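Asker: The file below is protein_28.cif, mmCIF, C-alpha atoms:
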```cif
data_entry
#
loop_
_atom_site.label_atom_id
_atom_site.label_comp_id
_atom_site.auth_asym_id
_atom_site.auth_seq_id
_atom_site.Cartn_x
_atom_site.Cartn_y
_atom_site.Cartn_z
CA MET L 1 15.97 -0.26 -13.90
CA LYS L 2 13.85 -2.01 -11.28
CA LEU L 3 10.47 -1.96 -9.56
CA ASN L 4 10.05 -0.22 -6.24
CA ASN L 5 11.30 -2.97 -3.91
CA THR L 6 9.54 -1.59 -0.84
CA LYS L 7 6.10 -1.71 -2.43
CA THR L 8 6.72 -5.17 -3.86
CA LEU L 9 7.85 -6.43 -0.44
CA ILE L 10 4.67 -5.08 1.19
CA VAL L 11 2.46 -6.94 -1.30
CA VAL L 12 4.38 -10.22 -0.94
CA THR L 13 4.51 -9.99 2.87
CA THR L 14 0.79 -9.30 3.09
CA VAL L 15 -0.11 -12.35 1.01
CA THR L 16 2.25 -14.57 3.03
CA LEU L 17 0.90 -13.43 6.39
CA LEU L 18 -2.69 -13.84 5.27
CA ASN L 19 -2.01 -17.45 4.30
CA ALA L 20 -0.43 -18.05 7.69
CA CYS L 21 -2.97 -16.34 9.96
CA ALA L 22 -6.47 -16.54 8.54
CA SER L 23 -8.93 -15.55 11.23
CA SER L 24 -11.87 -17.54 12.47
CA PRO L 25 -15.14 -17.27 10.48
CA THR L 26 -16.94 -13.95 10.82
CA ALA L 27 -20.50 -12.83 10.20
CA ASP L 28 -19.42 -11.21 6.94
CA SER L 29 -18.42 -13.88 4.43
CA ARG L 30 -16.71 -11.21 2.33
CA ASP L 31 -14.27 -10.57 5.18
CA PRO L 32 -12.76 -13.91 6.30
CA TYR L 33 -9.55 -12.19 7.45
CA GLU L 34 -11.25 -9.67 9.74
CA ASN L 35 -8.82 -10.26 12.60
CA TRP L 36 -5.84 -9.39 10.40
CA ASN L 37 -7.72 -6.62 8.63
CA ARG L 38 -8.76 -4.79 11.79
CA LYS L 39 -5.23 -4.87 13.20
CA THR L 40 -3.78 -3.60 9.94
CA HIS L 41 -6.46 -0.91 9.72
CA SER L 42 -5.54 0.27 13.23
CA PHE L 43 -1.85 0.30 12.28
CA ASN L 44 -2.62 2.39 9.20
CA ASP L 45 -4.73 4.82 11.26
CA VAL L 46 -1.89 5.31 13.76
CA LEU L 47 0.64 5.79 10.95
CA ASP L 48 -1.64 8.31 9.29
CA GLY L 49 -2.35 10.20 12.49
CA TYR L 50 1.26 10.54 13.59
CA VAL L 51 3.04 10.84 10.24
CA LEU L 52 1.12 11.33 7.02
CA LYS L 53 -1.66 13.64 8.20
CA PRO L 54 0.66 16.14 9.99
CA VAL L 55 2.98 16.18 6.97
CA ALA L 56 0.00 16.74 4.66
CA LYS L 57 -1.16 19.67 6.80
CA GLY L 58 2.30 21.22 6.59
CA TYR L 59 2.35 20.62 2.84
CA ASN L 60 -1.01 22.41 2.49
CA TRP L 61 0.27 25.31 4.56
CA ILE L 62 3.44 25.94 2.55
CA MET L 63 2.20 25.08 -0.95
CA PRO L 64 0.50 27.82 -2.99
CA ASP L 65 -2.71 26.60 -4.63
CA PHE L 66 -1.27 26.80 -8.15
CA ALA L 67 1.77 24.74 -7.16
CA ASP L 68 -0.39 22.16 -5.37
CA GLN L 69 -2.53 21.84 -8.49
CA GLY L 70 0.57 21.46 -10.64
CA VAL L 71 1.84 18.58 -8.49
CA SER L 72 -1.56 16.86 -8.65
CA ASN L 73 -1.64 17.34 -12.44
CA PHE L 74 1.85 15.83 -12.78
CA PHE L 75 0.91 12.61 -11.00
CA SER L 76 -2.44 12.46 -12.78
CA ASN L 77 -0.54 12.61 -16.07
CA ILE L 78 1.72 9.74 -15.01
CA ASP L 79 -1.39 7.78 -14.05
CA ASP L 80 -2.76 8.21 -17.58
CA VAL L 81 -0.21 5.65 -18.81
CA GLY L 82 -2.02 2.94 -16.84
CA VAL L 83 -5.42 4.40 -17.73
CA MET L 84 -4.58 4.13 -21.43
CA VAL L 85 -3.45 0.50 -21.09
CA ASN L 86 -6.52 -0.53 -19.09
CA SER L 87 -8.90 1.21 -21.49
CA ALA L 88 -7.42 -0.93 -24.27
CA LEU L 89 -7.55 -4.12 -22.17
CA GLN L 90 -11.24 -3.46 -21.53
CA GLY L 91 -11.88 -3.16 -25.26
CA LYS L 92 -12.51 0.60 -25.09
CA PHE L 93 -10.24 1.35 -28.02
CA SER L 94 -11.70 4.75 -28.86
CA GLN L 95 -11.25 5.80 -25.23
CA ALA L 96 -7.71 4.38 -25.22
CA GLY L 97 -6.95 6.60 -28.22
CA SER L 98 -8.30 9.61 -26.34
CA ASP L 99 -6.22 8.66 -23.29
CA SER L 100 -3.12 8.38 -25.48
CA ALA L 101 -3.74 11.78 -27.05
CA ARG L 102 -4.34 13.29 -23.61
CA LEU L 103 -1.03 11.88 -22.36
CA VAL L 104 0.90 13.30 -25.33
CA VAL L 105 -0.74 16.73 -25.10
CA ASN L 106 -0.24 17.14 -21.36
CA THR L 107 3.32 15.81 -21.45
CA THR L 108 4.31 18.23 -24.20
CA ALA L 109 2.09 21.32 -24.16
CA GLY L 110 1.40 20.79 -20.47
CA VAL L 111 5.12 20.89 -19.58
CA GLY L 112 5.50 17.35 -18.31
CA GLY L 113 1.92 17.22 -17.06
CA LEU L 114 2.10 20.23 -14.74
CA PHE L 115 -0.77 21.81 -16.68
CA ASP L 116 -3.93 19.99 -17.77
CA VAL L 117 -4.14 21.38 -21.29
CA ALA L 118 -5.91 18.30 -22.65
CA SER L 119 -9.13 18.83 -20.67
CA SER L 120 -9.56 22.22 -22.30
CA ILE L 121 -9.51 20.67 -25.79
CA ASP L 122 -12.06 17.93 -25.11
CA LEU L 123 -9.66 15.19 -24.01
CA PRO L 124 -11.14 14.38 -20.57
CA LYS L 125 -9.56 12.37 -17.79
CA HIS L 126 -10.85 8.79 -17.59
CA GLU L 127 -10.57 6.56 -14.55
CA GLU L 128 -9.58 2.99 -15.35
CA ASN L 129 -7.42 0.54 -13.43
CA PHE L 130 -6.51 -3.14 -13.60
CA ASP L 131 -8.87 -3.98 -10.73
CA LYS L 132 -11.73 -2.77 -12.93
CA THR L 133 -10.23 -4.50 -15.97
CA LEU L 134 -10.26 -7.84 -14.17
CA GLY L 135 -13.87 -7.16 -13.18
CA THR L 136 -14.86 -6.60 -16.81
CA TRP L 137 -13.23 -9.93 -17.62
CA GLY L 138 -15.55 -11.60 -15.11
CA LEU L 139 -13.15 -12.09 -12.18
CA GLY L 140 -14.78 -11.59 -8.77
CA THR L 141 -13.29 -9.34 -6.13
CA GLY L 142 -12.41 -12.13 -3.71
CA PRO L 143 -12.06 -11.57 0.06
CA TYR L 144 -11.66 -8.11 1.52
CA LEU L 145 -8.09 -7.29 2.57
CA VAL L 146 -6.44 -4.36 4.31
CA MET L 147 -2.83 -3.85 3.27
CA PRO L 148 -0.22 -2.09 5.38
CA ILE L 149 0.14 1.52 4.17
CA PHE L 150 -1.96 0.91 1.03
CA GLY L 151 -5.23 0.46 2.92
CA PRO L 152 -8.50 -1.18 1.75
CA SER L 153 -8.15 -3.74 -1.02
CA SER L 154 -9.23 -7.21 -2.09
CA ALA L 155 -7.69 -10.28 -3.66
CA ARG L 156 -8.43 -8.76 -7.06
CA GLY L 157 -7.25 -5.38 -5.83
CA LEU L 158 -3.81 -6.83 -5.00
CA ALA L 159 -3.40 -7.77 -8.65
CA GLY L 160 -4.52 -4.28 -9.58
CA THR L 161 -1.92 -2.73 -7.27
CA ALA L 162 0.86 -4.89 -8.72
CA PHE L 163 -0.18 -4.00 -12.27
CA LYS L 164 -0.30 -0.30 -11.43
CA MET L 165 3.31 -0.51 -10.26
CA THR L 166 4.41 -1.96 -13.60
CA THR L 167 2.64 0.73 -15.64
CA ASN L 168 4.04 3.63 -13.62
CA PRO L 169 7.10 4.91 -15.51
CA LEU L 170 8.59 6.32 -12.31
CA GLN L 171 8.99 2.77 -10.96
CA TYR L 172 11.74 2.17 -13.49
CA VAL L 173 13.84 5.21 -12.60
CA SER L 174 16.43 4.68 -9.87
CA GLY L 175 16.72 7.15 -7.02
CA LEU L 176 13.26 8.68 -7.32
CA GLY L 177 11.69 7.24 -4.16
CA MET L 178 11.09 10.74 -2.85
CA ILE L 179 8.71 11.39 -5.74
CA GLY L 180 6.51 8.58 -4.44
CA VAL L 181 6.50 10.23 -1.02
CA VAL L 182 5.44 13.55 -2.57
CA ASN L 183 2.64 11.76 -4.43
CA ALA L 184 1.34 10.20 -1.20
CA VAL L 185 1.51 13.51 0.69
CA ASP L 186 -0.19 15.38 -2.15
CA LYS L 187 -3.06 12.90 -2.26
CA ARG L 188 -3.40 12.92 1.53
CA SER L 189 -3.52 16.72 1.56
CA ASP L 190 -6.38 16.65 -0.93
CA ARG L 191 -8.36 14.48 1.48
CA LEU L 192 -7.89 16.59 4.61
CA ALA L 193 -11.27 18.29 4.12
CA MET L 194 -12.96 14.87 4.18
CA ASP L 195 -11.58 13.85 7.59
CA LYS L 196 -14.22 15.61 9.67
CA ILE L 197 -17.04 14.18 7.55
CA ILE L 198 -15.68 10.65 7.88
CA ASP L 199 -15.13 11.00 11.63
CA GLU L 200 -18.71 12.16 12.11
CA ALA L 201 -20.22 9.51 9.84
CA ALA L 202 -18.21 6.49 10.99
CA THR L 203 -19.00 5.01 14.41
CA ASP L 204 -16.83 2.05 13.36
CA ARG L 205 -14.10 3.31 11.03
CA TYR L 206 -13.11 -0.19 9.98
CA ALA L 207 -16.66 -1.13 8.94
CA PHE L 208 -17.11 2.26 7.25
CA PHE L 209 -14.10 1.83 4.97
CA LYS L 210 -14.83 -1.83 4.31
CA ASN L 211 -18.42 -1.21 3.27
CA MET L 212 -17.41 1.71 1.09
CA TYR L 213 -14.72 -0.30 -0.64
CA LEU L 214 -16.91 -3.34 -1.25
CA SER L 215 -19.83 -1.18 -2.42
CA ARG L 216 -17.46 0.54 -4.83
CA ASP L 217 -16.33 -2.84 -6.20
CA GLU L 218 -19.91 -4.04 -6.67
CA ALA L 219 -20.78 -0.81 -8.48
CA ILE L 220 -17.73 -1.10 -10.73
CA ASP L 221 -18.71 -4.64 -11.70
CA GLU L 222 -22.13 -3.30 -12.66
CA GLU L 223 -20.59 -0.28 -14.45
CA GLU L 224 -22.35 2.11 -12.08
CA ALA L 225 -19.44 3.99 -10.50
CA PRO L 226 -16.04 5.45 -11.46
CA ALA L 227 -13.03 3.31 -10.58
CA ASP L 228 -11.36 6.01 -8.52
CA GLU L 229 -14.11 6.60 -5.93
CA ILE L 230 -12.37 4.69 -3.16
CA ASP L 231 -8.94 6.01 -4.20
CA GLU L 232 -9.97 9.48 -3.04
CA ILE L 233 -10.30 8.05 0.45
CA LYS L 234 -7.68 5.34 0.77
CA GLU L 235 -4.60 6.85 -0.94
#
```
Kindly transcribe the structure held in the file into structure tokens.
Answerer:
Amino acid sequence: MKLNNTKTLIVVTTVTLLNACASSPTADSRDPYENWNRKTHSFNDVLDGYVLKPVAKGYNWIMPDFADQGVSNFFSNIDDVGVMVNSALQGKFSQAGSDSARLVVNTTAGVGGLFDVASSIDLPKHEENFDKTLGTWGLGTGPYLVMPIFGPSSARGLAGTAFKMTTNPLQYVSGLGMIGVVNAVDKRSDRLAMDKIIDEAATDRYAFFKNMYLSRDEAIDEEEAPADEIDEIKE
């Protein structure tokens, strides 16, 4: 059993390149690597426009609504493993118990998570991640970073991404890389309706995503926003 080597390589390569090519000072002290970040953002936009977005449109076209919902439920159920762990790490032990019960119910009665039975019996979905956990422990976000493929992040967010990999059970199963692709396509298909709104609202797409991400982080640190707000846009 092993971690997804491709994802791990992306994280390590990003950190290495950032150490080697820090950009000159910018007007925004939160974004000292703006030169790198803008180039990576442009790369991600091109990759999305030519690969992920067309595939997501095709996925939406062929997938019946009930099947699409089932796929989303499956990955949400897998995500609840990390949610449960982070609830406990944040000292929310009652919530961690609810997350654990939700995971058991949806994995069993929900047929491996394809059906969200737990929500109907007052076991709601919570949104916790290690980025937020580190924030509750008093660690600042650090500089804004844009990662290849993964999108907007921060120094603290990199740790959150690495931790999420370790708490995803699918990472430890050999030969299931295609499941990760399906997850990415499913999430991208759910965001297709937002594209027009973002295009109309963002005169500078880079600044738009940066400000949204950093505002989200500030709100999380003040316990004013759910941890998954930016995930609906970046993943």
Asker: Let me know the residues the PyMOL selection byres ((chain L and resi 193) around 12) catches in the file above, as a PyMOL selection string.
Answerer: chain L and resi 53+56-57+60+187-192+194-199+232-233
Asker: How would the residues just chosen look if you wrote them out with C-alpha atoms as a PDB file, in the frame of the given file?
Answerer:
```pdb
ATOM      1  CA  LYS L  53      -1.660  13.640   8.200  1.00  0.00           C
ATOM      2  CA  ALA L  56       0.000  16.740   4.660  1.00  0.00           C
ATOM      3  CA  LYS L  57      -1.160  19.670   6.800  1.00  0.00           C
ATOM      4  CA  ASN L  60      -1.010  22.410   2.490  1.00  0.00           C
ATOM      5  CA  LYS L 187      -3.060  12.900  -2.260  1.00  0.00           C
ATOM      6  CA  ARG L 188      -3.400  12.920   1.530  1.00  0.00           C
ATOM      7  CA  SER L 189      -3.520  16.720   1.560  1.00  0.00           C
ATOM      8  CA  ASP L 190      -6.380  16.650  -0.930  1.00  0.00           C
ATOM      9  CA  ARG L 191      -8.360  14.480   1.480  1.00  0.00           C
ATOM     10  CA  LEU L 192      -7.890  16.590   4.610  1.00  0.00           C
ATOM     11  CA  MET L 194     -12.960  14.870   4.180  1.00  0.00           C
ATOM     12  CA  ASP L 195     -11.580  13.850   7.590  1.00  0.00           C
ATOM     13  CA  LYS L 196     -14.220  15.610   9.670  1.00  0.00           C
ATOM     14  CA  ILE L 197     -17.040  14.180   7.550  1.00  0.00           C
ATOM     15  CA  ILE L 198     -15.680  10.650   7.880  1.00  0.00           C
ATOM     16  CA  ASP L 199     -15.130  11.000  11.630  1.00  0.00           C
ATOM     17  CA  GLU L 232      -9.970   9.480  -3.040  1.00  0.00           C
ATOM     18  CA  ILE L 233     -10.300   8.050   0.450  1.00  0.00           C
TER      19      ILE L 233
END
```
Asker: Go through L:Ala67, L:Met165, L:Leu134, L:Leu145 one by one, measure the shortest atom-to-atom distance of each to L:Ser87 using only C-alpha atoms, and give the residue with the smallest value.
Answerer: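 Ranked by minimum distance to L:Ser87, first place goes to L:Leu134.
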Asker: Hey, what comes out of the PyMOL selection byres ((chain L and resi 98-107) around 9) on this file? Could you write it as an NGL selection string?
Answerer: :L and (74 or 77-78 or 80-81 or 83-85 or 87 or 93-97 or 108-119 or 123-126)
Asker: If you apply the PyMOL selection byres ((chain L and resi 182) around 12) to this file, what residues do you get, as a list in words?
Answerer: Leu52, Val55, Ala56, Tyr59, Asp68, Val71, Ser72, Phe74, Phe75, Leu176, Gly177, Met178, Ile179, Gly180, Val181, Asn183, Ala184, Val185, Asp186, Lys187, Arg188 and Ser189 of chain L
Asker: Name the closest residue to L:Val146 among the candidates L:Trp61, L:Asn168, L:Phe130, L:Leu158; distances are taken between atoms, counting only C-alpha atoms.
Answerer: L:Leu158
Asker: How close does stretch 34-83 of chain L get to stretch 200-206 of chain L? List, as JSON lines, each residue of stretch 34-83 of chain L within 9 Å, its nearest atom pair and the distance in Å to one decimal, counting only C-alpha atoms.
Answerer:
```
{"residue": "L:Asn37", "atom": "CA", "partner": "L:Tyr206", "partner_atom": "CA", "distance": 8.5}
{"residue": "L:Arg38", "atom": "CA", "partner": "L:Tyr206", "partner_atom": "CA", "distance": 6.6}
{"residue": "L:His41", "atom": "CA", "partner": "L:Tyr206", "partner_atom": "CA", "distance": 6.7}
{"residue": "L:Ser42", "atom": "CA", "partner": "L:Tyr206", "partner_atom": "CA", "distance": 8.3}
```
Asker: Around all the atoms of stretch 124-129 of chain L listed in the file, draw an axis-aligned box and extend it by 6 Å on each of the six sides; I want its centre and edge lengths in Å to one decimal, as JSON.
Answerer:
```
{"center_x": -9.3, "center_y": 7.5, "center_z": -17.0, "size_x": 15.7, "size_y": 25.8, "size_z": 19.1}
```
Asker: For stretch 151-155 of chain L, find every residue with an atom within 10 Å (counting all atoms listed in the file), except residues of its own chain fewer than 5 positions away, and show them as a PyMOL selection string.
Answerer: chain L and resi 15+30-31+37+40-41+43-45+131+140-146+160-161+206+209-210+212-214+217+230-231+233-235
Asker: I'd like the interatomic distance between atom CA of L:Asn86 and atom CA of L:Asn129, to a tenth of an Å.
Answerer: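 We find that atom CA of L:Asn86 and atom CA of L:Asn129 lie 5.8 Å from each other.
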Asker: What gap, in Å, lies between atom CA of L:Glu127 and atom CA of L:Gly157?
Answerer: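 One can read the atom CA of L:Glu127 to atom CA of L:Gly157 distance as 15.2 Å.
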Asker: As an exercise, work out the distance from atom CA of L:Ala27 to atom CA of L:Thr133 in Å and give it to one decimal place.
Answerer: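 So the answer is 29.3 Å.
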Asker: Between L:Leu139, L:Val51, L:Met147, L:Ala88, which has the minimum distance to L:Lys39 (counting only C-alpha atoms)?
Answerer: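 Of all the options, L:Met147 lies closest to L:Lys39.
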Asker: Of the candidates L:Gly138, L:Gly91, L:Gly82, L:Pro54, which one gets nearest to L:Arg156 if we count all atoms listed in the file?
Answerer: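 Closest candidate: L:Gly138.
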